[in-house]
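A.B. asks: File target_34.cif below, mmCIF, C-alpha atoms:
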data_input
#
loop_
_atom_site.label_atom_id
_atom_site.label_comp_id
_atom_site.auth_asym_id
_atom_site.auth_seq_id
_atom_site.Cartn_x
_atom_site.Cartn_y
_atom_site.Cartn_z
CA MET N 692 -3.39 1.52 16.31
CA TRP N 693 -6.98 1.04 17.47
CA LYS N 694 -9.25 1.62 20.42
CA ARG N 695 -10.30 -1.88 21.32
CA THR N 696 -13.61 -0.99 22.96
CA LEU N 697 -16.89 -1.79 21.26
CA ASN N 698 -20.23 -0.90 22.90
CA GLY N 699 -18.34 -0.16 26.10
CA ARG N 700 -16.79 -3.63 26.21
CA PRO N 701 -13.03 -4.08 25.80
CA LEU N 702 -11.96 -6.71 23.27
CA HIS N 703 -8.73 -8.71 23.44
CA PHE N 704 -7.02 -9.43 20.15
CA HIS N 705 -4.85 -12.27 18.98
CA LEU N 706 -3.11 -12.79 15.70
CA ALA N 707 -5.08 -15.56 14.02
CA GLY N 708 -4.27 -15.66 10.34
CA ILE N 709 -3.02 -13.93 7.28
CA ASN N 710 -4.77 -12.34 4.32
CA ASN N 711 -2.38 -11.57 1.48
CA GLN N 712 0.37 -10.62 3.92
CA ASN N 713 -1.80 -8.38 6.04
CA PHE N 714 -2.64 -10.22 9.19
CA LEU N 715 -5.98 -11.14 10.69
CA MET N 716 -6.85 -10.86 14.36
CA ARG N 717 -9.60 -12.51 16.34
CA ASP N 718 -11.08 -11.18 19.52
CA ASP N 719 -11.40 -13.53 22.49
CA GLU N 720 -14.86 -12.22 23.31
CA THR N 721 -16.75 -13.06 20.09
CA GLY N 722 -14.25 -14.87 17.85
CA SER N 723 -14.84 -12.35 15.05
CA TRP N 724 -12.13 -11.85 12.42
CA TRP N 725 -10.56 -8.40 12.00
CA GLN N 726 -8.30 -7.08 9.25
CA GLN N 727 -5.28 -5.37 10.77
CA ILE N 728 -4.84 -2.57 8.22
CA THR N 729 -8.50 -1.46 8.24
CA GLY N 730 -9.52 -2.24 11.83
CA LYS N 731 -12.70 -3.70 10.43
CA ALA N 732 -14.40 -6.99 11.30
CA ILE N 733 -14.68 -9.03 8.10
CA PHE N 734 -16.28 -12.19 9.51
CA GLY N 735 -18.10 -13.47 12.56
CA PRO N 736 -20.63 -11.96 14.96
CA LEU N 737 -19.14 -8.44 14.72
CA LYS N 738 -18.82 -8.46 10.91
CA GLY N 739 -18.99 -4.91 9.51
CA ARG N 740 -18.01 -3.22 12.77
CA GLN N 741 -15.12 -0.77 12.72
CA LEU N 742 -12.63 -0.01 15.49
CA ASP N 743 -11.83 3.64 16.12
CA ALA N 744 -8.38 4.59 14.89
CA VAL N 745 -5.98 6.21 17.34
CA LEU N 746 -3.53 8.83 16.16
CA SER N 747 -0.06 7.37 16.50
CA ASP N 748 3.40 8.18 15.23
CA GLU N 749 6.26 6.21 13.78
CA LEU N 750 9.33 7.96 15.16
CA THR N 751 12.94 7.24 15.95
CA PHE N 752 13.45 6.38 19.61
CA GLY N 753 15.81 9.38 20.00
CA LEU N 754 13.23 11.87 18.79
CA TRP N 755 10.43 10.30 20.82
CA LYS N 756 12.54 10.40 23.98
CA GLN N 757 13.26 14.09 23.43
CA GLU N 758 9.56 14.82 23.12
CA SER N 759 8.43 12.45 25.88
CA PRO N 760 11.25 12.10 28.42
CA ALA N 761 8.83 10.70 31.03
CA GLY N 762 7.34 8.21 28.57
CA LYS N 763 7.36 4.45 28.91
CA VAL N 764 8.76 1.92 26.46
CA LEU N 765 7.37 -1.56 25.85
CA ALA N 766 9.82 -3.93 27.53
CA PRO N 767 11.09 -6.88 25.53
CA VAL N 768 9.62 -10.25 26.47
CA THR N 769 12.72 -11.92 27.92
CA LYS N 770 11.86 -15.32 26.48
CA TYR N 771 11.83 -14.03 22.88
CA GLN N 772 14.28 -11.15 23.17
CA ASP N 773 16.98 -12.95 21.19
CA GLU N 774 14.61 -13.55 18.30
CA TYR N 775 13.81 -9.87 17.68
CA GLU N 776 15.18 -8.55 14.42
CA SER N 777 16.68 -5.09 14.47
CA GLU N 778 16.95 -5.04 10.69
CA TRP N 779 13.32 -5.76 9.97
CA GLU N 780 12.81 -3.54 6.94
CA PRO N 781 15.67 -4.76 4.72
CA LYS N 782 14.73 -8.34 5.60
CA VAL N 783 11.07 -7.91 4.68
CA ALA N 784 12.02 -6.08 1.48
CA LYS N 785 13.43 -9.39 0.20
CA LEU N 786 10.31 -11.43 0.93
CA PRO N 787 8.07 -12.38 -1.98
CA VAL N 788 4.70 -10.69 -2.49
CA VAL N 789 1.50 -12.52 -3.42
CA ILE N 790 -0.46 -9.68 -4.95
CA ASN N 791 0.86 -7.44 -7.67
CA PHE N 792 -0.42 -4.38 -9.43
CA PRO N 793 1.36 -4.29 -12.78
CA ARG N 794 1.20 -1.07 -14.82
CA THR N 795 0.85 1.01 -11.65
CA PRO N 796 3.39 3.75 -10.88
CA LEU N 797 5.15 1.94 -8.02
CA GLN N 798 6.76 -1.42 -7.31
CA SER N 799 5.17 -3.86 -4.84
CA ARG N 800 7.72 -3.34 -2.07
CA ASP N 801 8.14 0.41 -2.52
CA ILE N 802 7.66 2.13 0.84
CA LEU N 803 5.23 5.02 0.96
CA ILE N 804 3.41 7.31 3.31
CA GLY N 805 -0.28 6.68 2.82
CA MET N 806 -2.86 9.33 3.62
CA GLU N 807 -6.64 9.32 3.52
CA ILE N 808 -8.83 12.40 3.97
CA SER N 809 -12.58 12.62 3.29
CA GLY N 810 -12.50 9.49 1.15
CA ALA N 811 -9.55 10.63 -0.96
CA SER N 812 -6.35 8.62 -0.62
CA ARG N 813 -2.87 9.31 -1.88
CA ALA N 814 0.44 7.51 -1.67
CA TYR N 815 3.56 9.60 -1.11
CA PRO N 816 6.62 7.56 -2.12
CA MET N 817 9.13 7.65 0.73
CA PRO N 818 12.08 8.80 -1.44
CA ALA N 819 10.02 11.79 -2.66
CA VAL N 820 9.03 12.71 0.90
CA LEU N 821 12.63 12.48 2.09
CA ALA N 822 13.92 14.54 -0.83
CA GLN N 823 11.27 17.25 -0.81
CA SER N 824 10.29 17.60 2.85
CA PRO N 825 8.25 19.53 3.74
CA VAL N 826 5.77 18.42 1.08
CA GLN N 827 2.86 20.80 0.65
CA ASP N 828 -0.19 19.25 -1.01
CA ARG N 829 -3.99 19.20 -1.17
CA LEU N 830 -5.99 16.06 -0.52
CA GLY N 831 -9.75 15.69 -0.23
CA GLY N 832 -10.03 19.49 -0.22
CA THR N 833 -7.65 19.84 2.72
CA PRO N 834 -4.28 21.60 2.56
CA ILE N 835 -1.73 19.20 3.99
CA LEU N 836 1.87 19.26 5.05
CA LEU N 837 4.07 16.18 5.14
CA VAL N 838 7.32 16.71 6.91
CA VAL N 839 10.39 14.64 7.80
CA GLY N 840 11.72 15.31 11.32
CA PRO N 841 15.14 16.49 12.47
CA ASP N 842 16.24 12.82 12.65
CA GLY N 843 15.76 12.47 8.88
CA LYS N 844 13.51 9.42 9.36
CA SER N 845 10.32 10.26 11.22
CA VAL N 846 7.38 11.56 9.17
CA ARG N 847 4.41 13.58 10.38
CA ALA N 848 1.50 15.23 8.58
CA PHE N 849 -0.61 18.23 9.49
CA VAL N 850 -3.45 20.33 8.16
CA SER N 851 -1.56 23.40 6.96
CA ARG N 852 -4.20 25.86 8.00
CA LEU N 853 -3.89 28.57 10.62
CA ASP N 854 -6.95 30.43 11.93
CA GLY N 855 -8.98 29.26 8.95
CA LYS N 856 -6.41 30.34 6.37
CA ASP N 857 -4.22 28.02 4.32
CA ILE N 858 -0.55 28.50 5.09
CA GLU N 859 2.66 27.19 3.57
CA LEU N 860 5.60 26.07 5.59
CA PHE N 861 9.26 25.85 4.66
CA ARG N 862 12.36 24.53 6.35
CA LYS N 863 14.46 27.36 7.71
CA SER N 864 18.09 26.96 6.83
CA GLY N 865 20.42 26.93 9.76
CA SER N 866 21.66 24.54 12.40
CA GLU N 867 18.45 24.33 14.41
CA TRP N 868 15.57 22.39 12.89
CA VAL N 869 12.56 24.68 12.44
CA MET N 870 9.98 25.49 9.83
CA VAL N 871 8.73 28.98 8.96
CA ASP N 872 5.29 29.80 7.62
CA SER N 873 4.94 32.21 4.73
CA THR N 874 2.01 34.12 6.23
CA SER N 875 3.11 35.14 9.72
CA GLY N 876 6.78 34.24 9.64
CA SER N 877 6.36 32.21 12.84
CA GLU N 878 8.72 29.33 13.55
CA TRP N 879 7.28 25.85 13.95
CA ASN N 880 8.68 22.66 15.49
CA PHE N 881 8.23 19.06 14.36
CA GLN N 882 5.24 18.65 16.68
CA GLY N 883 3.47 21.19 14.48
CA CYS N 884 3.47 23.91 17.10
CA ALA N 885 4.61 27.50 16.64
CA ILE N 886 7.47 28.32 18.99
CA THR N 887 8.14 31.95 18.00
CA GLY N 888 6.33 34.74 16.14
CA PRO N 889 2.69 35.82 16.03
CA ALA N 890 1.42 32.23 15.98
CA GLN N 891 3.46 31.18 19.04
CA GLY N 892 1.61 28.63 21.16
CA LYS N 893 -0.67 27.52 18.33
CA CYS N 894 -0.48 24.03 16.91
CA LEU N 895 -1.50 22.58 13.55
CA GLN N 896 -3.97 19.73 13.50
CA PRO N 897 -2.08 16.45 13.13
CA LEU N 898 -3.19 13.95 10.49
CA PRO N 899 -2.83 10.16 10.51
CA VAL N 900 -0.21 8.69 8.19
CA LEU N 901 0.48 5.07 7.41
CA LYS N 902 3.90 3.85 6.37
CA ASP N 903 3.13 0.94 4.08
CA TYR N 904 4.18 -1.10 1.07
CA TRP N 905 2.66 -0.23 -2.27
CA PHE N 906 0.99 -3.65 -2.79
CA ASP N 907 -0.72 -3.46 0.59
CA TRP N 908 -1.75 0.19 0.34
CA ARG N 909 -3.04 -0.25 -3.24
CA ASN N 910 -4.94 -3.39 -2.26
CA TYR N 911 -6.96 -1.57 0.39
CA HIS N 912 -7.12 1.78 -1.45
CA PRO N 913 -7.89 0.85 -5.07
CA GLU N 914 -8.75 4.49 -5.89
CA THR N 915 -5.50 5.87 -4.51
CA SER N 916 -3.52 8.45 -6.44
CA VAL N 917 0.25 8.62 -6.28
CA TYR N 918 1.99 11.87 -5.42
CA ARG N 919 4.20 13.14 -8.25
CA HIS N 920 6.17 16.31 -8.23
CA MET B 602 -23.65 -74.56 3.62
CA GLU B 603 -26.02 -71.95 2.25
CA LEU B 604 -26.79 -70.73 5.74
CA VAL B 605 -23.13 -70.13 6.61
CA ASP B 606 -22.56 -68.24 3.32
CA SER B 607 -25.46 -65.84 3.81
CA GLY B 608 -24.30 -65.29 7.40
CA ALA B 609 -20.81 -64.30 6.18
CA VAL B 610 -22.25 -61.88 3.62
CA LYS B 611 -24.45 -60.35 6.27
CA THR B 612 -21.47 -59.75 8.60
CA LYS B 613 -19.46 -58.18 5.80
CA SER B 614 -22.21 -55.79 4.74
CA GLY B 615 -22.82 -55.09 8.44
CA ARG B 616 -19.24 -53.77 8.68
CA MET B 617 -19.49 -51.84 5.46
CA ILE B 618 -21.75 -49.03 6.68
CA PRO B 619 -19.84 -48.38 9.95
CA SER B 620 -16.55 -48.44 8.01
CA LEU B 621 -17.85 -45.94 5.47
CA GLY B 622 -19.32 -43.80 8.22
CA PHE B 623 -16.02 -43.86 10.08
CA ALA B 624 -14.08 -42.82 6.97
CA LEU B 625 -16.51 -40.01 6.17
CA LEU B 626 -16.44 -38.62 9.71
CA VAL B 627 -12.64 -38.71 9.81
CA ALA B 628 -12.51 -36.93 6.44
CA ALA B 629 -15.04 -34.32 7.57
CA SER B 630 -13.27 -33.62 10.85
CA SER B 631 -9.81 -33.34 9.30
CA SER B 632 -11.09 -31.16 6.42
CA LEU B 633 -12.43 -28.64 8.91
CA PHE B 634 -8.87 -28.08 10.05
CA LEU B 635 -6.88 -28.78 6.89
CA ILE B 636 -8.86 -26.70 4.36
CA PRO B 637 -8.57 -23.38 6.24
CA ALA B 638 -4.96 -24.18 7.20
CA PHE B 639 -4.21 -24.70 3.51
CA ILE B 640 -5.98 -21.52 2.39
CA ILE B 641 -4.42 -19.17 4.92
CA ARG B 642 -0.80 -20.23 4.45
CA PRO B 643 1.64 -17.34 4.73
CA PHE B 644 3.24 -16.13 1.47
CA ARG B 645 0.37 -17.48 -0.58
CA PHE B 646 -2.41 -15.65 -2.36
CA GLN B 647 -5.77 -15.64 -0.61
CA SER B 648 -8.78 -15.07 -2.86
CA PRO B 649 -11.74 -13.27 -1.26
CA ARG B 650 -13.96 -16.35 -1.57
CA GLY B 651 -11.26 -18.68 -0.33
CA LEU B 652 -10.71 -16.49 2.70
CA ILE B 653 -14.43 -16.40 3.55
CA LEU B 654 -14.54 -20.20 3.29
CA ALA B 655 -11.46 -20.53 5.52
CA MET B 656 -12.91 -18.24 8.19
CA ALA B 657 -16.33 -19.93 8.04
CA LEU B 658 -14.80 -23.39 8.48
CA ARG B 659 -12.48 -22.22 11.25
CA GLN B 660 -15.38 -20.50 13.02
CA ASN B 661 -17.45 -23.70 13.05
CA ALA B 662 -14.61 -26.19 13.44
CA PRO B 663 -14.48 -26.34 17.27
CA LEU B 664 -18.07 -27.64 17.44
CA TRP B 665 -18.16 -29.83 14.35
CA THR B 666 -14.77 -31.48 14.70
CA ALA B 667 -15.92 -32.54 18.19
CA VAL B 668 -19.21 -33.94 16.84
CA PHE B 669 -17.54 -35.73 13.90
CA THR B 670 -14.74 -37.10 16.08
CA ALA B 671 -17.23 -38.38 18.66
CA GLY B 672 -19.13 -40.12 15.85
CA ALA B 673 -15.90 -41.61 14.52
CA ILE B 674 -15.08 -42.94 18.01
CA VAL B 675 -18.51 -44.62 18.23
CA PHE B 676 -17.96 -46.37 14.87
CA ALA B 677 -14.43 -47.32 15.90
CA ILE B 678 -15.69 -48.93 19.12
CA PHE B 679 -18.24 -50.90 17.10
CA LEU B 680 -15.70 -52.00 14.47
CA TRP B 681 -12.75 -52.82 16.76
CA PRO B 682 -13.82 -56.37 17.88
CA ARG B 683 -15.11 -57.20 14.40
CA ILE B 684 -12.01 -56.56 12.29
CA SER B 685 -8.61 -58.15 11.89
CA ILE B 686 -5.54 -56.72 13.60
CA TRP B 687 -4.28 -55.27 10.26
CA LYS B 688 -7.48 -53.35 9.67
CA ARG B 689 -7.15 -51.82 13.12
CA ILE B 690 -4.13 -49.83 11.91
CA PRO B 691 -6.11 -47.52 9.57
CA LEU B 692 -8.73 -47.31 12.31
CA VAL B 693 -6.18 -45.95 14.80
CA LEU B 694 -4.66 -43.61 12.19
CA GLY B 695 -8.11 -42.28 11.34
CA LEU B 696 -8.86 -41.64 15.00
CA CYS B 697 -5.56 -39.78 15.40
CA LEU B 698 -6.40 -37.61 12.40
CA ALA B 699 -9.91 -36.78 13.65
CA CYS B 700 -8.71 -36.05 17.20
CA GLY B 701 -5.79 -34.01 15.89
CA ALA B 702 -8.17 -31.88 13.82
CA ALA B 703 -10.44 -31.37 16.84
CA VAL B 704 -7.48 -30.23 18.94
CA MET B 705 -5.96 -27.99 16.24
CA SER B 706 -9.31 -26.30 15.64
CA ARG B 707 -9.21 -25.08 19.22
CA ILE B 708 -5.64 -23.79 19.04
CA ASP B 709 -4.47 -20.54 17.48
CA TYR B 710 -1.44 -22.11 15.85
CA PHE B 711 -0.45 -18.76 14.30
CA GLU B 712 0.69 -17.84 17.78
CA TRP B 713 3.33 -20.59 17.56
CA MET B 714 4.97 -18.41 14.91
CA PHE B 715 4.01 -14.98 16.23
CA HIS B 716 4.21 -15.25 20.00
CA PRO B 717 1.78 -13.00 21.86
CA VAL B 718 2.73 -10.62 24.66
CA PRO B 719 0.75 -11.97 27.64
CA VAL B 720 0.91 -8.83 29.82
CA PRO B 721 2.81 -5.88 28.36
CA GLY B 722 5.59 -4.65 30.63
CA PHE B 723 7.18 -1.22 30.40
CA GLU B 724 10.46 0.43 31.22
CA SER B 725 11.50 4.06 31.39
CA ALA B 726 13.08 5.69 28.35
CA ASP B 727 16.44 5.88 30.16
CA HIS B 728 16.57 2.16 30.90
CA THR B 729 16.10 0.62 27.48
CA GLY B 730 18.96 -0.63 25.41
CA LEU B 731 17.42 0.94 22.33
CA ASP B 732 19.58 2.81 19.86
CA SER B 733 18.34 6.37 19.25
CA SER B 734 17.91 5.62 15.53
CA GLU B 735 15.55 2.69 16.10
CA MET B 736 11.94 3.23 15.09
CA VAL B 737 9.11 3.11 17.59
CA ILE B 738 5.34 3.43 17.32
CA ALA B 739 4.35 6.22 19.67
CA VAL B 740 1.06 7.17 21.25
CA ARG B 741 0.01 9.64 23.90
CA PHE B 742 -3.14 9.91 25.98
CA GLY B 743 -3.10 12.73 28.51
CA ASN B 744 0.28 12.56 30.18
CA ASP B 745 0.79 8.91 29.38
CA ALA B 746 3.23 8.63 26.46
CA ARG B 747 4.21 5.17 25.26
CA ALA B 748 6.61 3.82 22.69
CA TYR B 749 6.42 0.37 21.12
CA PRO B 750 9.71 -0.49 19.43
CA ILE B 751 9.22 -1.77 15.87
CA ARG B 752 11.68 -4.61 16.51
CA GLU B 753 9.29 -5.93 19.17
CA MET B 754 6.11 -5.15 17.24
CA ALA B 755 7.46 -6.83 14.10
CA TYR B 756 7.83 -9.99 16.19
CA HIS B 757 4.64 -9.94 18.29
CA HIS B 758 2.46 -7.84 15.90
CA VAL B 759 -0.37 -7.31 18.41
CA VAL B 760 -0.21 -5.83 21.90
CA ASN B 761 -3.33 -5.36 24.01
CA ASP B 762 -2.54 -2.36 26.17
CA VAL B 763 -4.33 0.20 28.33
CA VAL B 764 -3.01 3.77 28.09
CA ASP B 765 -4.38 6.35 30.53
CA GLY B 766 -7.46 4.15 30.99
CA VAL B 767 -8.05 3.67 27.25
CA PRO B 768 -7.85 0.04 26.04
CA LEU B 769 -5.74 -0.01 22.85
CA ALA B 770 -4.80 -2.60 20.29
CA VAL B 771 -1.31 -1.71 19.10
CA THR B 772 -0.75 -3.45 15.78
CA TYR B 773 2.08 -3.65 13.31
#
Please lay out the structure from this file as structure tokens.
C.D. replies:
Amino acid sequence: MWKRTLNGRPLHFHLAGINNQNFLMRDDETGSWWQQITGKAIFGPLKGRQLDAVLSDELTFGLWKQESPAGKVLAPVTKYQDEYESEWEPKVAKLPVVINFPRTPLQSRDILIGMEISGASRAYPMPAVLAQSPVQDRLGGTPILLVVGPDGKSVRAFVSRLDGKDIELFRKSGSEWVMVDSTSGSEWNFQGCAITGPAQGKCLQPLPVLKDYWFDWRNYHPETSVYRH
Amino acid sequence: MELVDSGAVKTKSGRMIPSLGFALLVAASSSLFLIPAFIIRPFRFQSPRGLILAMALRQNAPLWTAVFTAGAIVFAIFLWPRISIWKRIPLVLGLCLACGAAVMSRIDYFEWMFHPVPVPGFESADHTGLDSSEMVIAVRFGNDARAYPIREMAYHHVVNDVVDGVPLAVTY
């Protein structure tokens, strides 16, 4: 997700092409070509310009509604409503790919959580994240936490640092979904905020994550490492 | 006898240059649409150089297809009274091709496949028919929280929205 303002002028984007299965947009204002995954103009008058990324989440509707009961949901466009696919992921998984990275640790259509911090990028294979959540790691010198939410599907990442000190978080066993940090023993929710204990009221800094296919992630992050544990 | 012969030759060579010009202009106009359309086919590999070429042609196509098509029309008007009825068939086909390329160069035909959302509409969380396990892309600015269901984003791919005064491009 991107801020679509450049030099104080809002741009309006349209899907205008495809580049190895990652789509291209053009803005109505200048006709420049933008790559969707990078938010960067690759051709035209604005070539080289970069849109500012906006922190967004990929969540289940149930979890989102719990967190944002007053929120608004994009309404379906009545004309096309019947053409929406509810089973998008399994359908796309069967589509062919046009770029391959043989002798790399993952398969083209493997789903991963991609992260990039201070120029370092790492792919966290989805099955590993689901099995090990919360994943505690270090990337680009930053201690990070990748965690799967109470719905078992939504993934968020945070800087696992509290008051300048690195902390580790664990899932607390029990019926209610909470994490506990090893330093203060405070309990944390999926929004990365402490709800009990000495840290109560404090929140961890959220980090952007991108759910992506290996071929696409690897194509735009040739130096990426792959998380193994 | 000699006079008539040289006159016939002159007429023939007089049609040659306009005919060639017509063919070249039709080819140029249609290439400006067809080459990028061929390069950026879905489910095909795009090489970096091929992609640059496709974007460069597409960028310049609205102007140059118009110029080439106008030129082709001028040649066609010149040739029309001077050629037999059978030779008018390729002339008409060529004009259709050139005009078609000029029109297609002005149309974002990708939006025939991936229909845009003209003005995004919203409903409250309680009034959607969404299942609680369906994925959404979520964003929050101030008190304005919005969810974009993946099933809609996977169809439209781009939504130009404004959240709490901030213009956003929601992409999937």
A.B. asks: Evaluating the PyMOL selection byres ((chain B) within 8 of (chain N)) on the displayed file yields which residues, as a PyMOL selection string?
C.D. replies: chain B and resi 641-647+652-653+656-657+660+709-712+715+717-718+721-726+729+731-741+745-750+752-753+755-756+758-761+767-773
A.B. asks: Expressed in Å to a single decimal, how great is the separation between atom CA of Leu715 of chain N and atom CA of Ile636 of chain B?
C.D. replies: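 Calculated distance between atom CA of Leu715 of chain N and atom CA of Ile636 of chain B is 17.0 Å.
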A.B. asks: Skipping near chain neighbours, those fewer than 4 positions away, what residues fall within 7 Å of segment 617-625 of chain B using only C-alpha atoms, listed as a PyMOL selection string?
C.D. replies: chain B and resi 613+629+673+676-677
A.B. asks: Those same residues - C-alpha atoms - I'd like them written as a PDB file, in the frame of the given file.
C.D. replies:
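The result, written out as selection.pdb:
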ATOM      1  CA  LYS B 613     -19.460 -58.180   5.800  1.00  0.00           C
ATOM      2  CA  ALA B 629     -15.040 -34.320   7.570  1.00  0.00           C
ATOM      3  CA  ALA B 673     -15.900 -41.610  14.520  1.00  0.00           C
ATOM      4  CA  PHE B 676     -17.960 -46.370  14.870  1.00  0.00           C
ATOM      5  CA  ALA B 677     -14.430 -47.320  15.900  1.00  0.00           C
TER       6      ALA B 677
END
A.B. asks: To verify the selection step, state as a list in words which residues the PyMOL selection byres ((chain N and resi 795) around 12) yields on this input.
C.D. replies: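 The output of the PyMOL selection byres ((chain N and resi 795) around 12) on this file is Asn791, Phe792, Pro793, Arg794, Pro796, Leu797, Gln798, Ser799, Asp801, Ala814, Trp905, Phe906, Arg909, Asn910, Pro913, Glu914, Thr915, Ser916 and Val917 of chain N.
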A.B. asks: Please report the interatomic distance between atom CA of Asn698 of chain N and atom CA of Val764 of chain B in Å with one decimal.
C.D. replies: 18.6 Å
A.B. asks: Evaluate the PyMOL selection byres ((chain N and resi 818) around 12) and record the selected residues as JSON, numbers by chain, following the chain and residue labels used in the document.
C.D. replies: {"N": [797, 801, 802, 803, 804, 814, 815, 816, 817, 819, 820, 821, 822, 823, 824, 826, 839, 843, 844, 846, 918, 919, 920]}
A.B. asks: Kindly give the distance, in Å, that separates atom CA of Phe742 of chain B and atom CA of Leu895 of chain N, rounded to a single decimal.
C.D. replies: 17.8 Å
A.B. asks: Need to verify the contact set: segment 691-708 of chain B, 6 Å, all atoms listed in the file, exclusion of same-chain residues closer than 5 positions in sequence. Can you return it as a list in words?
C.D. replies: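 The residues satisfying every condition are Val627, Ser630, Ser631, Phe634, Ala662, Pro663, Thr666, Ala667 and Thr670 of chain B.
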A.B. asks: So which one's closest to Gly840 of chain N, N:Arg740, N:Ser877, N:Arg852, N:Gln882? Using only C-alpha atoms, please.
C.D. replies: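 Nearest candidate to Gly840 of chain N out of N:Arg740, N:Ser877, N:Arg852, N:Gln882: N:Gln882.
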A.B. asks: Return the single residue from B:Leu680, B:Trp713, B:Lys688, B:Asp765 that is closest to Gly615 of chain B, with distances computed using only C-alpha atoms.
C.D. replies: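 Comparing B:Leu680, B:Trp713, B:Lys688, B:Asp765 against Gly615 of chain B, the winner is B:Leu680.
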